[in-house]
Every structure is written in structure tokens, then in C-alpha cells.
$ cat run.tsv   # TSV, N, CA and C atoms
chain	number	residue	atom	x	y	z
A	1236	MET	N	5.10	8.18	20.42
A	1236	MET	CA	4.11	7.68	19.48
A	1236	MET	C	4.65	6.45	18.74
A	1237	LYS	N	5.93	6.46	18.37
A	1237	LYS	CA	6.48	5.33	17.63
A	1237	LYS	C	6.46	4.07	18.47
A	1238	ASN	N	6.80	4.19	19.77
A	1238	ASN	CA	6.76	3.01	20.63
A	1238	ASN	C	5.34	2.48	20.78
A	1239	GLN	N	4.37	3.38	20.85
A	1239	GLN	CA	2.97	2.96	20.94
A	1239	GLN	C	2.56	2.21	19.68
A	1240	PHE	N	3.01	2.70	18.52
A	1240	PHE	CA	2.68	2.04	17.26
A	1240	PHE	C	3.29	0.64	17.23
A	1241	THR	N	4.56	0.53	17.62
A	1241	THR	CA	5.23	-0.77	17.64
A	1241	THR	C	4.52	-1.72	18.59
A	1242	GLU	N	4.13	-1.23	19.75
A	1242	GLU	CA	3.40	-2.07	20.71
A	1242	GLU	C	2.05	-2.51	20.12
A	1243	ALA	N	1.36	-1.60	19.46
A	1243	ALA	CA	0.08	-1.95	18.86
A	1243	ALA	C	0.25	-3.01	17.78
A	1244	MET	N	1.29	-2.88	16.97
A	1244	MET	CA	1.55	-3.87	15.92
A	1244	MET	C	1.91	-5.22	16.51
A	1245	SER	N	2.57	-5.24	17.65
A	1245	SER	CA	2.96	-6.50	18.31
A	1245	SER	C	1.79	-7.17	19.00
A	1246	PHE	N	0.76	-6.43	19.32
A	1246	PHE	CA	-0.39	-6.96	20.05
A	1246	PHE	C	-1.13	-8.03	19.26
A	1247	ARG	N	-1.20	-7.90	17.95
A	1247	ARG	CA	-1.82	-8.89	17.05
A	1247	ARG	C	-3.27	-9.21	17.43
A	1248	HIS	N	-4.07	-8.19	17.52
A	1248	HIS	CA	-5.48	-8.34	17.87
A	1248	HIS	C	-6.32	-7.80	16.72
A	1249	ALA	N	-7.24	-8.59	16.25
A	1249	ALA	CA	-8.14	-8.13	15.20
A	1249	ALA	C	-9.36	-7.52	15.87
A	1250	CYS	N	-9.46	-6.22	15.79
A	1250	CYS	CA	-10.56	-5.50	16.41
A	1250	CYS	C	-11.85	-5.75	15.61
A	1251	LYS	N	-12.88	-6.17	16.28
A	1251	LYS	CA	-14.15	-6.48	15.60
A	1251	LYS	C	-15.09	-5.29	15.54
A	1252	ILE	N	-14.89	-4.34	16.44
A	1252	ILE	CA	-15.70	-3.13	16.44
A	1252	ILE	C	-14.88	-2.02	17.11
A	1253	PHE	N	-14.99	-0.82	16.58
A	1253	PHE	CA	-14.22	0.29	17.11
A	1253	PHE	C	-15.10	1.21	17.95
A	1254	ASP	N	-14.50	1.91	18.87
A	1254	ASP	CA	-15.17	2.91	19.68
A	1254	ASP	C	-15.35	4.14	18.79
A	1255	GLU	N	-16.57	4.38	18.37
A	1255	GLU	CA	-16.85	5.45	17.42
A	1255	GLU	C	-16.64	6.85	17.99
A	1256	SER	N	-16.49	6.94	19.32
A	1256	SER	CA	-16.25	8.25	19.93
A	1256	SER	C	-14.77	8.64	19.82
A	1257	LYS	N	-13.93	7.70	19.42
A	1257	LYS	CA	-12.50	7.97	19.30
A	1257	LYS	C	-12.10	8.06	17.83
A	1258	LYS	N	-11.27	9.02	17.54
A	1258	LYS	CA	-10.80	9.23	16.16
A	1258	LYS	C	-9.28	9.23	16.16
A	1259	ILE	N	-8.69	8.69	15.11
A	1259	ILE	CA	-7.24	8.74	14.94
A	1259	ILE	C	-6.88	10.17	14.55
A	1260	SER	N	-5.89	10.73	15.19
A	1260	SER	CA	-5.48	12.11	14.88
A	1260	SER	C	-4.84	12.17	13.50
A	1261	ASP	N	-4.84	13.36	12.93
A	1261	ASP	CA	-4.20	13.56	11.63
A	1261	ASP	C	-2.72	13.18	11.70
A	1262	GLU	N	-2.05	13.55	12.79
A	1262	GLU	CA	-0.63	13.24	12.95
A	1262	GLU	C	-0.40	11.73	12.95
A	1263	LYS	N	-1.23	11.00	13.65
A	1263	LYS	CA	-1.05	9.54	13.73
A	1263	LYS	C	-1.38	8.85	12.41
A	1264	ILE	N	-2.42	9.28	11.72
A	1264	ILE	CA	-2.76	8.63	10.45
A	1264	ILE	C	-1.67	8.92	9.42
A	1265	ARG	N	-1.10	10.13	9.44
A	1265	ARG	CA	0.01	10.43	8.54
A	1265	ARG	C	1.21	9.53	8.83
A	1266	TYR	N	1.50	9.30	10.12
A	1266	TYR	CA	2.61	8.44	10.52
A	1266	TYR	C	2.37	7.01	10.03
A	1267	ILE	N	1.16	6.51	10.21
A	1267	ILE	CA	0.81	5.15	9.79
A	1267	ILE	C	0.95	5.01	8.27
A	1268	LEU	N	0.42	5.97	7.54
A	1268	LEU	CA	0.50	5.93	6.08
A	1268	LEU	C	1.95	6.05	5.59
A	1269	GLU	N	2.73	6.89	6.27
A	1269	GLU	CA	4.14	7.02	5.89
A	1269	GLU	C	4.88	5.70	6.10
A	1270	ALA	N	4.57	5.01	7.21
A	1270	ALA	CA	5.19	3.71	7.45
A	1270	ALA	C	4.83	2.74	6.33
A	1271	GLY	N	3.60	2.77	5.89
A	1271	GLY	CA	3.18	1.92	4.78
A	1271	GLY	C	3.86	2.30	3.48
A	1272	GLN	N	3.95	3.59	3.21
A	1272	GLN	CA	4.58	4.06	1.98
A	1272	GLN	C	6.06	3.70	1.93
A	1273	LYS	N	6.71	3.68	3.08
A	1273	LYS	CA	8.14	3.39	3.13
A	1273	LYS	C	8.46	1.91	3.31
A	1274	SER	N	7.43	1.09	3.35
A	1274	SER	CA	7.66	-0.35	3.51
A	1274	SER	C	8.37	-0.89	2.28
A	1275	PRO	N	9.26	-1.85	2.47
A	1275	PRO	CA	10.01	-2.39	1.34
A	1275	PRO	C	9.15	-3.27	0.44
A	1276	SER	N	9.55	-3.33	-0.81
A	1276	SER	CA	8.89	-4.22	-1.76
A	1276	SER	C	9.92	-4.69	-2.77
A	1277	SER	N	9.55	-5.69	-3.53
A	1277	SER	CA	10.45	-6.25	-4.52
A	1277	SER	C	10.87	-5.17	-5.53
A	1278	PHE	N	12.14	-5.06	-5.76
A	1278	PHE	CA	12.73	-4.07	-6.67
A	1278	PHE	C	12.43	-2.63	-6.25
A	1279	GLY	N	11.87	-2.43	-5.06
A	1279	GLY	CA	11.57	-1.08	-4.61
A	1279	GLY	C	10.46	-0.41	-5.38
A	1280	MET	N	9.57	-1.20	-5.98
A	1280	MET	CA	8.53	-0.61	-6.82
A	1280	MET	C	7.38	0.00	-6.03
A	1281	GLU	N	7.17	-0.46	-4.79
A	1281	GLU	CA	6.09	0.09	-3.95
A	1281	GLU	C	4.83	0.35	-4.77
A	1282	ALA	N	4.35	-0.71	-5.37
A	1282	ALA	CA	3.22	-0.61	-6.31
A	1282	ALA	C	1.88	-0.59	-5.58
A	1283	TRP	N	1.76	0.31	-4.63
A	1283	TRP	CA	0.51	0.41	-3.89
A	1283	TRP	C	0.12	1.86	-3.73
A	1284	LYS	N	-1.15	2.01	-3.49
A	1284	LYS	CA	-1.70	3.32	-3.15
A	1284	LYS	C	-2.62	3.10	-1.96
A	1285	PHE	N	-2.70	4.10	-1.11
A	1285	PHE	CA	-3.57	4.03	0.05
A	1285	PHE	C	-4.74	4.97	-0.16
A	1286	LEU	N	-5.92	4.42	-0.08
A	1286	LEU	CA	-7.14	5.20	-0.19
A	1286	LEU	C	-7.72	5.28	1.21
A	1287	VAL	N	-7.81	6.48	1.76
A	1287	VAL	CA	-8.30	6.68	3.11
A	1287	VAL	C	-9.72	7.23	3.03
A	1288	VAL	N	-10.65	6.47	3.62
A	1288	VAL	CA	-12.06	6.86	3.58
A	1288	VAL	C	-12.49	7.25	4.99
A	1289	THR	N	-12.96	8.48	5.14
A	1289	THR	CA	-13.47	8.93	6.43
A	1289	THR	C	-14.96	9.28	6.33
A	1290	ASN	N	-15.48	9.39	5.13
A	1290	ASN	CA	-16.87	9.73	4.91
A	1290	ASN	C	-17.76	8.55	5.32
A	1291	GLN	N	-18.63	8.76	6.28
A	1291	GLN	CA	-19.46	7.68	6.83
A	1291	GLN	C	-20.38	7.06	5.77
A	1292	GLU	N	-20.98	7.88	4.92
A	1292	GLU	CA	-21.88	7.35	3.89
A	1292	GLU	C	-21.13	6.44	2.93
A	1293	LEU	N	-19.92	6.82	2.57
A	1293	LEU	CA	-19.12	6.00	1.67
A	1293	LEU	C	-18.71	4.69	2.36
A	1294	LYS	N	-18.34	4.77	3.64
A	1294	LYS	CA	-18.00	3.54	4.38
A	1294	LYS	C	-19.21	2.59	4.42
A	1295	GLU	N	-20.40	3.14	4.56
A	1295	GLU	CA	-21.62	2.31	4.59
A	1295	GLU	C	-21.86	1.65	3.23
A	1296	LYS	N	-21.51	2.32	2.15
A	1296	LYS	CA	-21.64	1.72	0.81
A	1296	LYS	C	-20.60	0.63	0.59
A	1297	ILE	N	-19.43	0.78	1.21
A	1297	ILE	CA	-18.36	-0.21	1.06
A	1297	ILE	C	-18.61	-1.44	1.93
A	1298	GLN	N	-19.26	-1.28	3.05
A	1298	GLN	CA	-19.45	-2.36	4.02
A	1298	GLN	C	-19.99	-3.66	3.42
A	1299	PRO	N	-21.01	-3.65	2.55
A	1299	PRO	CA	-21.49	-4.92	1.99
A	1299	PRO	C	-20.43	-5.68	1.19
A	1300	LEU	N	-19.45	-4.96	0.66
A	1300	LEU	CA	-18.38	-5.58	-0.11
A	1300	LEU	C	-17.36	-6.25	0.81
A	1301	CYS	N	-17.50	-6.01	2.11
A	1301	CYS	CA	-16.56	-6.53	3.12
A	1301	CYS	C	-17.30	-7.44	4.10
A	1302	TRP	N	-18.18	-8.27	3.58
A	1302	TRP	CA	-18.95	-9.23	4.37
A	1302	TRP	C	-19.71	-8.56	5.52
A	1303	ASN	N	-20.10	-7.31	5.30
A	1303	ASN	CA	-20.87	-6.54	6.29
A	1303	ASN	C	-20.20	-6.45	7.66
A	1304	GLN	N	-18.89	-6.46	7.67
A	1304	GLN	CA	-18.18	-6.37	8.95
A	1304	GLN	C	-18.38	-4.99	9.58
A	1305	PRO	N	-18.68	-4.95	10.88
A	1305	PRO	CA	-18.91	-3.66	11.54
A	1305	PRO	C	-17.68	-2.76	11.60
A	1306	GLN	N	-16.49	-3.34	11.50
A	1306	GLN	CA	-15.27	-2.53	11.54
A	1306	GLN	C	-15.27	-1.47	10.43
A	1307	ILE	N	-15.88	-1.79	9.31
A	1307	ILE	CA	-15.85	-0.89	8.15
A	1307	ILE	C	-16.52	0.44	8.47
A	1308	THR	N	-17.60	0.39	9.23
A	1308	THR	CA	-18.33	1.63	9.51
A	1308	THR	C	-18.03	2.22	10.88
A	1309	THR	N	-17.41	1.45	11.78
A	1309	THR	CA	-17.11	1.99	13.11
A	1309	THR	C	-15.71	2.58	13.22
A	1310	CYS	N	-14.86	2.35	12.22
A	1310	CYS	CA	-13.50	2.91	12.25
A	1310	CYS	C	-13.54	4.39	11.89
A	1311	SER	N	-12.57	5.12	12.39
A	1311	SER	CA	-12.51	6.55	12.02
A	1311	SER	C	-11.91	6.74	10.64
A	1312	HIS	N	-10.97	5.84	10.28
A	1312	HIS	CA	-10.29	5.91	8.99
A	1312	HIS	C	-10.26	4.52	8.39
A	1313	LEU	N	-10.94	4.33	7.29
A	1313	LEU	CA	-10.89	3.07	6.56
A	1313	LEU	C	-9.79	3.20	5.52
A	1314	VAL	N	-8.76	2.37	5.64
A	1314	VAL	CA	-7.64	2.44	4.70
A	1314	VAL	C	-7.76	1.26	3.74
A	1315	ILE	N	-7.91	1.58	2.47
A	1315	ILE	CA	-7.99	0.57	1.42
A	1315	ILE	C	-6.65	0.60	0.69
A	1316	VAL	N	-6.01	-0.56	0.59
A	1316	VAL	CA	-4.71	-0.63	-0.06
A	1316	VAL	C	-4.93	-1.16	-1.47
A	1317	LEU	N	-4.55	-0.38	-2.46
A	1317	LEU	CA	-4.75	-0.73	-3.86
A	1317	LEU	C	-3.43	-1.22	-4.46
A	1318	ALA	N	-3.50	-2.31	-5.21
A	1318	ALA	CA	-2.33	-2.86	-5.89
A	1318	ALA	C	-2.28	-2.29	-7.30
A	1319	GLY	N	-1.13	-1.75	-7.67
A	1319	GLY	CA	-0.97	-1.13	-8.98
A	1319	GLY	C	-0.65	-2.11	-10.08
A	1320	ILE	N	-0.90	-1.73	-11.29
A	1320	ILE	CA	-0.55	-2.53	-12.48
A	1320	ILE	C	0.33	-1.69	-13.39
A	1321	ASP	N	-0.19	-0.57	-13.87
A	1321	ASP	CA	0.54	0.22	-14.86
A	1321	ASP	C	1.85	0.79	-14.33
A	1322	SER	N	1.91	1.14	-13.05
A	1322	SER	CA	3.11	1.79	-12.51
A	1322	SER	C	4.34	0.90	-12.50
A	1323	VAL	N	4.17	-0.41	-12.57
A	1323	VAL	CA	5.33	-1.31	-12.54
A	1323	VAL	C	5.79	-1.72	-13.94
A	1324	LYS	N	5.08	-1.27	-14.95
A	1324	LYS	CA	5.49	-1.56	-16.33
A	1324	LYS	C	6.66	-0.66	-16.68
A	1325	PRO	N	7.73	-1.22	-17.23
A	1325	PRO	CA	8.89	-0.39	-17.58
A	1325	PRO	C	8.54	0.80	-18.47
A	1326	SER	N	7.54	0.66	-19.31
A	1326	SER	CA	7.16	1.75	-20.22
A	1326	SER	C	6.44	2.89	-19.51
A	1327	SER	N	6.04	2.70	-18.25
A	1327	SER	CA	5.27	3.72	-17.54
A	1327	SER	C	6.10	4.95	-17.15
A	1328	GLY	N	7.40	4.78	-17.06
A	1328	GLY	CA	8.24	5.86	-16.57
A	1328	GLY	C	8.41	5.83	-15.06
A	1329	GLU	N	7.48	5.18	-14.38
A	1329	GLU	CA	7.55	5.07	-12.91
A	1329	GLU	C	8.73	4.20	-12.48
A	1330	VAL	N	9.00	3.15	-13.23
A	1330	VAL	CA	10.11	2.25	-12.90
A	1330	VAL	C	11.42	3.04	-12.94
A	1331	GLU	N	11.59	3.84	-13.96
A	1331	GLU	CA	12.81	4.65	-14.06
A	1331	GLU	C	12.90	5.63	-12.90
A	1332	LYS	N	11.77	6.25	-12.54
A	1332	LYS	CA	11.75	7.18	-11.41
A	1332	LYS	C	12.16	6.49	-10.11
A	1333	ARG	N	11.68	5.26	-9.93
A	1333	ARG	CA	12.02	4.51	-8.70
A	1333	ARG	C	13.52	4.23	-8.64
A	1334	PHE	N	14.09	3.79	-9.76
A	1334	PHE	CA	15.53	3.52	-9.77
A	1334	PHE	C	16.35	4.81	-9.67
A	1335	ALA	N	15.80	5.91	-10.18
A	1335	ALA	CA	16.51	7.19	-10.17
A	1335	ALA	C	16.59	7.80	-8.77
A	1336	ARG	N	15.88	7.23	-7.80
A	1336	ARG	CA	15.98	7.73	-6.42
A	1336	ARG	C	17.37	7.46	-5.85
A	1337	ARG	N	18.05	6.50	-6.44
A	1337	ARG	CA	19.41	6.16	-6.00
A	1337	ARG	C	20.40	7.02	-6.76
A	1338	PRO	N	21.58	7.24	-6.19
A	1338	PRO	CA	22.58	8.05	-6.90
A	1338	PRO	C	23.26	7.23	-8.01
A	1339	LEU	N	22.56	7.07	-9.13
A	1339	LEU	CA	23.06	6.26	-10.24
A	1339	LEU	C	23.14	7.10	-11.51
A	1340	SER	N	24.05	6.70	-12.38
A	1340	SER	CA	24.12	7.36	-13.69
A	1340	SER	C	22.94	6.86	-14.53
A	1341	GLN	N	22.67	7.57	-15.62
A	1341	GLN	CA	21.59	7.16	-16.52
A	1341	GLN	C	21.87	5.77	-17.09
A	1342	GLU	N	23.13	5.48	-17.34
A	1342	GLU	CA	23.52	4.16	-17.84
A	1342	GLU	C	23.24	3.06	-16.81
A	1343	GLN	N	23.51	3.33	-15.55
A	1343	GLN	CA	23.23	2.36	-14.49
A	1343	GLN	C	21.73	2.15	-14.32
A	1344	ILE	N	20.98	3.23	-14.41
A	1344	ILE	CA	19.52	3.13	-14.31
A	1344	ILE	C	19.00	2.26	-15.45
A	1345	ALA	N	19.48	2.49	-16.66
A	1345	ALA	CA	19.07	1.68	-17.81
A	1345	ALA	C	19.41	0.22	-17.58
A	1346	GLY	N	20.55	-0.05	-16.96
A	1346	GLY	CA	20.94	-1.42	-16.64
A	1346	GLY	C	19.99	-2.07	-15.64
A	1347	TYR	N	19.57	-1.30	-14.63
A	1347	TYR	CA	18.62	-1.82	-13.65
A	1347	TYR	C	17.26	-2.09	-14.30
A	1348	ILE	N	16.85	-1.20	-15.18
A	1348	ILE	CA	15.57	-1.41	-15.87
A	1348	ILE	C	15.63	-2.68	-16.72
A	1349	GLU	N	16.75	-2.89	-17.39
A	1349	GLU	CA	16.91	-4.11	-18.19
A	1349	GLU	C	16.89	-5.35	-17.29
A	1350	LEU	N	17.61	-5.31	-16.18
A	1350	LEU	CA	17.62	-6.42	-15.23
A	1350	LEU	C	16.21	-6.69	-14.72
A	1351	TYR	N	15.52	-5.64	-14.32
A	1351	TYR	CA	14.14	-5.72	-13.83
A	1351	TYR	C	13.23	-6.36	-14.89
A	1352	SER	N	13.30	-5.85	-16.11
A	1352	SER	CA	12.45	-6.33	-17.20
A	1352	SER	C	12.73	-7.79	-17.52
A	1353	ASN	N	13.98	-8.17	-17.54
A	1353	ASN	CA	14.35	-9.57	-17.84
A	1353	ASN	C	13.95	-10.50	-16.70
A	1354	HIS	N	14.24	-10.08	-15.47
A	1354	HIS	CA	13.94	-10.94	-14.31
A	1354	HIS	C	12.43	-11.16	-14.17
A	1355	LEU	N	11.64	-10.16	-14.49
A	1355	LEU	CA	10.19	-10.24	-14.34
A	1355	LEU	C	9.46	-10.40	-15.67
A	1356	ALA	N	10.13	-10.96	-16.65
A	1356	ALA	CA	9.53	-11.08	-17.99
A	1356	ALA	C	8.17	-11.78	-17.94
A	1357	ASP	N	8.07	-12.90	-17.25
A	1357	ASP	CA	6.79	-13.61	-17.16
A	1357	ASP	C	5.77	-12.79	-16.39
A	1358	THR	N	6.18	-12.20	-15.29
A	1358	THR	CA	5.29	-11.39	-14.47
A	1358	THR	C	4.74	-10.20	-15.25
A	1359	LEU	N	5.60	-9.55	-16.02
A	1359	LEU	CA	5.20	-8.35	-16.75
A	1359	LEU	C	4.51	-8.65	-18.08
A	1360	SER	N	4.28	-9.93	-18.37
A	1360	SER	CA	3.71	-10.32	-19.66
A	1360	SER	C	2.21	-10.05	-19.78
A	1361	SER	N	1.52	-9.86	-18.66
A	1361	SER	CA	0.09	-9.57	-18.74
A	1361	SER	C	-0.34	-8.80	-17.49
A	1362	ASP	N	-1.42	-8.03	-17.64
A	1362	ASP	CA	-1.94	-7.28	-16.49
A	1362	ASP	C	-2.36	-8.23	-15.37
A	1363	LYS	N	-2.89	-9.39	-15.73
A	1363	LYS	CA	-3.29	-10.38	-14.71
A	1363	LYS	C	-2.09	-10.83	-13.90
A	1364	ASN	N	-1.00	-11.14	-14.56
A	1364	ASN	CA	0.22	-11.56	-13.86
A	1364	ASN	C	0.79	-10.42	-13.01
A	1365	ILE	N	0.76	-9.23	-13.56
A	1365	ILE	CA	1.27	-8.08	-12.81
A	1365	ILE	C	0.44	-7.89	-11.55
A	1366	TYR	N	-0.88	-7.95	-11.69
A	1366	TYR	CA	-1.75	-7.78	-10.53
A	1366	TYR	C	-1.47	-8.83	-9.46
A	1367	GLU	N	-1.30	-10.08	-9.88
A	1367	GLU	CA	-1.01	-11.14	-8.90
A	1367	GLU	C	0.28	-10.82	-8.14
A	1368	TRP	N	1.29	-10.31	-8.83
A	1368	TRP	CA	2.56	-9.97	-8.21
A	1368	TRP	C	2.42	-8.76	-7.28
A	1369	THR	N	1.79	-7.69	-7.79
A	1369	THR	CA	1.68	-6.48	-6.98
A	1369	THR	C	0.72	-6.68	-5.80
A	1370	ALA	N	-0.29	-7.52	-5.95
A	1370	ALA	CA	-1.18	-7.81	-4.83
A	1370	ALA	C	-0.40	-8.50	-3.72
A	1371	ARG	N	0.49	-9.41	-4.08
A	1371	ARG	CA	1.32	-10.06	-3.05
A	1371	ARG	C	2.28	-9.05	-2.42
A	1372	GLN	N	2.79	-8.13	-3.21
A	1372	GLN	CA	3.66	-7.09	-2.67
A	1372	GLN	C	2.89	-6.18	-1.70
A	1373	THR	N	1.69	-5.88	-2.08
A	1373	THR	CA	0.85	-4.98	-1.30
A	1373	THR	C	0.44	-5.62	0.00

$ encode --input "run.tsv" --output "C-alpha cells"
Amino acid sequence: MKNQFTEAMSFRHACKIFDESKKISDEKIRYILEAGQKSPSSFGMEAWKFLVVTNQELKEKIQPLCWNQPQITTCSHLVIVLAGIDSVKPSSGEVEKRFARRPLSQEQIAGYIELYSNHLADTLSSDKNIYEWTARQT
């Protein structure tokens, strides 16, 4: 399955319409989402969430927001990638959790948070700036 995924990613083809009789298996969609979740990002913040839509009525409501592209309603799984804002703010607690995944002392984690906060001072100064940064990460 992994080789098939790699081959599919290398193919670089934008599918304009999907075969509605075919569905992505639960195992494959979990693998795809896990690959996305484990993708690297700046400072390891992974400021994204994946919203998976399989409900046909909901996909039909979303389609007009996507230039009425047929892919939106013919796919078995519509994956919407959301860029976070609050989770990358040092005050959220999420930043500390991300740094705490590494085997670091509390003092080292505090040092990383300070480095992060100082390095991204302009970025973290407003929700608009944060969104611009996390959207590029996403």
C-alpha cells in the first residue's frame, strides 16, 4: 500500500471527476491522514486539522464554495485542511505540549517556548498574521 501511495503522489495528476462506484477503504484513508498528520512543519507545530466529509448532502452544500467543481461531490472522502490560529499561540498550552514530545527538561521546554515566541514575535502579533503563517504551513 505504501508503494502505491508513493506512486500515486508521483503521478501528479489532478483528477477532474472520480468514479463514484469506488470508495477509499478505511485503512487507506487512515494511512493518508496519518501521513498528513506526521508531515513536518515549522517548529513542529503542525497547526492543521483534517476535516473528512463523506456525507453526500454536505458535499453538495460545499460544492458551490469550490467553484462547483465535480470532484467535490464525486469523491468518496472530501478532505478539508484547516489552518489553526489559537493552537500556535504560546498561551494556548499546545505549544508546550508540542515541545514536550521531545525528551526535554521543563527548563529546556521553557527555553524553546521563549525562542519560538521571540523568533515569531511579528507572526504571533495578530490572528491575521498567525493565519497567514499557518495557512502556508498547512

$ atom_distance --input "run.tsv" --atom1 "atom C of A:Glu1281" --atom2 "atom CA of A:Ala1318"
7.9 Å

$ closest_residue --input "run.tsv" --among "A:Leu1317, A:Cys1310, A:Cys1301, A:Val1330" --to "A:Ile1344" --atoms "only C-alpha atoms"
A:Val1330

$ residues_around --input "run.tsv" --residues "A:Lys1258" --least-positions-apart "2" --cutoff "8 Å" --atoms "only N, CA and C atoms" --output "JSON, numbers by chain"
{"A": [1254, 1255, 1256, 1260, 1261, 1310, 1311, 1312]}

$ write_last_selection --input "run.tsv" --atoms "N, CA and C atoms" --output "short mmCIF file (atom, residue, chain, number, x, y, z; two decimals), keeping the file's coordinate frame"
data_model
loop_
_atom_site.label_atom_id
_atom_site.label_comp_id
_atom_site.auth_asym_id
_atom_site.auth_seq_id
_atom_site.Cartn_x
_atom_site.Cartn_y
_atom_site.Cartn_z
N ASP A 1254 -14.50 1.91 18.87
CA ASP A 1254 -15.17 2.91 19.68
C ASP A 1254 -15.35 4.14 18.79
N GLU A 1255 -16.57 4.38 18.37
CA GLU A 1255 -16.85 5.45 17.42
C GLU A 1255 -16.64 6.85 17.99
N SER A 1256 -16.49 6.94 19.32
CA SER A 1256 -16.25 8.25 19.93
C SER A 1256 -14.77 8.64 19.82
N SER A 1260 -5.89 10.73 15.19
CA SER A 1260 -5.48 12.11 14.88
C SER A 1260 -4.84 12.17 13.50
N ASP A 1261 -4.84 13.36 12.93
CA ASP A 1261 -4.20 13.56 11.63
C ASP A 1261 -2.72 13.18 11.70
N CYS A 1310 -14.86 2.35 12.22
CA CYS A 1310 -13.50 2.91 12.25
C CYS A 1310 -13.54 4.39 11.89
N SER A 1311 -12.57 5.12 12.39
CA SER A 1311 -12.51 6.55 12.02
C SER A 1311 -11.91 6.74 10.64
N HIS A 1312 -10.97 5.84 10.28
CA HIS A 1312 -10.29 5.91 8.99
C HIS A 1312 -10.26 4.52 8.39
#

$ select_by_dssp --input "run.tsv" --residues "chain A" --states "strand (DSSP E or B)" --output "number ranges by chain"
A: 1283-1288, 1313-1318

$ select_by_dssp --input "run.tsv" --residues "stretch 1289-1337 of chain A" --states "alpha helix (DSSP H)" --output "PDB file with N, CA and C atoms, in the coordinates of the input"
ATOM      1  N   GLN A1291     -18.630   8.760   6.280  1.00  0.00           N
ATOM      2  CA  GLN A1291     -19.460   7.680   6.830  1.00  0.00           C
ATOM      3  C   GLN A1291     -20.380   7.060   5.770  1.00  0.00           C
ATOM      4  N   GLU A1292     -20.980   7.880   4.920  1.00  0.00           N
ATOM      5  CA  GLU A1292     -21.880   7.350   3.890  1.00  0.00           C
ATOM      6  C   GLU A1292     -21.130   6.440   2.930  1.00  0.00           C
ATOM      7  N   LEU A1293     -19.920   6.820   2.570  1.00  0.00           N
ATOM      8  CA  LEU A1293     -19.120   6.000   1.670  1.00  0.00           C
ATOM      9  C   LEU A1293     -18.710   4.690   2.360  1.00  0.00           C
ATOM     10  N   LYS A1294     -18.340   4.770   3.640  1.00  0.00           N
ATOM     11  CA  LYS A1294     -18.000   3.540   4.380  1.00  0.00           C
ATOM     12  C   LYS A1294     -19.210   2.590   4.420  1.00  0.00           C
ATOM     13  N   GLU A1295     -20.400   3.140   4.560  1.00  0.00           N
ATOM     14  CA  GLU A1295     -21.620   2.310   4.590  1.00  0.00           C
ATOM     15  C   GLU A1295     -21.860   1.650   3.230  1.00  0.00           C
ATOM     16  N   LYS A1296     -21.510   2.320   2.150  1.00  0.00           N
ATOM     17  CA  LYS A1296     -21.640   1.720   0.810  1.00  0.00           C
ATOM     18  C   LYS A1296     -20.600   0.630   0.590  1.00  0.00           C
ATOM     19  N   ILE A1297     -19.430   0.780   1.210  1.00  0.00           N
ATOM     20  CA  ILE A1297     -18.360  -0.210   1.060  1.00  0.00           C
ATOM     21  C   ILE A1297     -18.610  -1.440   1.930  1.00  0.00           C
ATOM     22  N   GLN A1306     -16.490  -3.340  11.500  1.00  0.00           N
ATOM     23  CA  GLN A1306     -15.270  -2.530  11.540  1.00  0.00           C
ATOM     24  C   GLN A1306     -15.270  -1.470  10.430  1.00  0.00           C
ATOM     25  N   ILE A1307     -15.880  -1.790   9.310  1.00  0.00           N
ATOM     26  CA  ILE A1307     -15.850  -0.890   8.150  1.00  0.00           C
ATOM     27  C   ILE A1307     -16.520   0.440   8.470  1.00  0.00           C
ATOM     28  N   THR A1308     -17.600   0.390   9.230  1.00  0.00           N
ATOM     29  CA  THR A1308     -18.330   1.630   9.510  1.00  0.00           C
ATOM     30  C   THR A1308     -18.030   2.220  10.880  1.00  0.00           C
ATOM     31  N   THR A1309     -17.410   1.450  11.780  1.00  0.00           N
ATOM     32  CA  THR A1309     -17.110   1.990  13.110  1.00  0.00           C
ATOM     33  C   THR A1309     -15.710   2.580  13.220  1.00  0.00           C
ATOM     34  N   GLU A1329       7.480   5.180 -14.380  1.00  0.00           N
ATOM     35  CA  GLU A1329       7.550   5.070 -12.910  1.00  0.00           C
ATOM     36  C   GLU A1329       8.730   4.200 -12.480  1.00  0.00           C
ATOM     37  N   VAL A1330       9.000   3.150 -13.230  1.00  0.00           N
ATOM     38  CA  VAL A1330      10.110   2.250 -12.900  1.00  0.00           C
ATOM     39  C   VAL A1330      11.420   3.040 -12.940  1.00  0.00           C
ATOM     40  N   GLU A1331      11.590   3.840 -13.960  1.00  0.00           N
ATOM     41  CA  GLU A1331      12.810   4.650 -14.060  1.00  0.00           C
ATOM     42  C   GLU A1331      12.900   5.630 -12.900  1.00  0.00           C
ATOM     43  N   LYS A1332      11.770   6.250 -12.540  1.00  0.00           N
ATOM     44  CA  LYS A1332      11.750   7.180 -11.410  1.00  0.00           C
ATOM     45  C   LYS A1332      12.160   6.490 -10.110  1.00  0.00           C
ATOM     46  N   ARG A1333      11.680   5.260  -9.930  1.00  0.00           N
ATOM     47  CA  ARG A1333      12.020   4.510  -8.700  1.00  0.00           C
ATOM     48  C   ARG A1333      13.520   4.230  -8.640  1.00  0.00           C
ATOM     49  N   PHE A1334      14.090   3.790  -9.760  1.00  0.00           N
ATOM     50  CA  PHE A1334      15.530   3.520  -9.770  1.00  0.00           C
ATOM     51  C   PHE A1334      16.350   4.810  -9.670  1.00  0.00           C
TER      52      PHE A1334
END

$ residues_around --input "run.tsv" --residues "A:Trp1368" --least-positions-apart "4" --cutoff "8 Å" --atoms "only N, CA and C atoms" --output "PyMOL selection string"
chain A and resi 1318-1319+1358+1362-1364+1372-1373

$ atom_distance --input "run.tsv" --atom1 "atom CA of A:Ala1270" --atom2 "atom CA of A:Phe1240"
10.3 Å

$ atom_distance --input "run.tsv" --atom1 "atom C of A:Gln1239" --atom2 "atom CA of A:Lys1263"
10.1 Å

$ axis_aligned_box --input "run.tsv" --around "stretch 1297-1303 of chain A" --padding-each-side "8 Å" --output "lines of an AutoDock Vina configuration file"
center_x = -19.0
center_y = -4.2
center_z = 3.8
size_x = 20.9
size_y = 26.0
size_z = 23.8

$ decode --input "run.tsv" --residues "stretch 1236-1247 of chain A" --atoms "C-alpha atoms" --output "PDB file, in the first residue's frame"
ATOM      1  CA  MET A1236       0.000   0.000   0.000  1.00  0.00           C
ATOM      2  CA  LYS A1237       2.827   2.434   0.816  1.00  0.00           C
ATOM      3  CA  ASN A1238       4.438   1.926  -2.598  1.00  0.00           C
ATOM      4  CA  GLN A1239       1.071   2.511  -4.266  1.00  0.00           C
ATOM      5  CA  PHE A1240       0.656   5.748  -2.306  1.00  0.00           C
ATOM      6  CA  THR A1241       4.141   6.924  -3.290  1.00  0.00           C
ATOM      7  CA  GLU A1242       3.434   6.091  -6.931  1.00  0.00           C
ATOM      8  CA  ALA A1243       0.119   7.948  -6.789  1.00  0.00           C
ATOM      9  CA  MET A1244       1.803  11.013  -5.288  1.00  0.00           C
ATOM     10  CA  SER A1245       4.474  10.919  -8.020  1.00  0.00           C
ATOM     11  CA  PHE A1246       1.879  10.707 -10.791  1.00  0.00           C
ATOM     12  CA  ARG A1247       0.929  14.409 -10.343  1.00  0.00           C
TER      13      ARG A1247
END
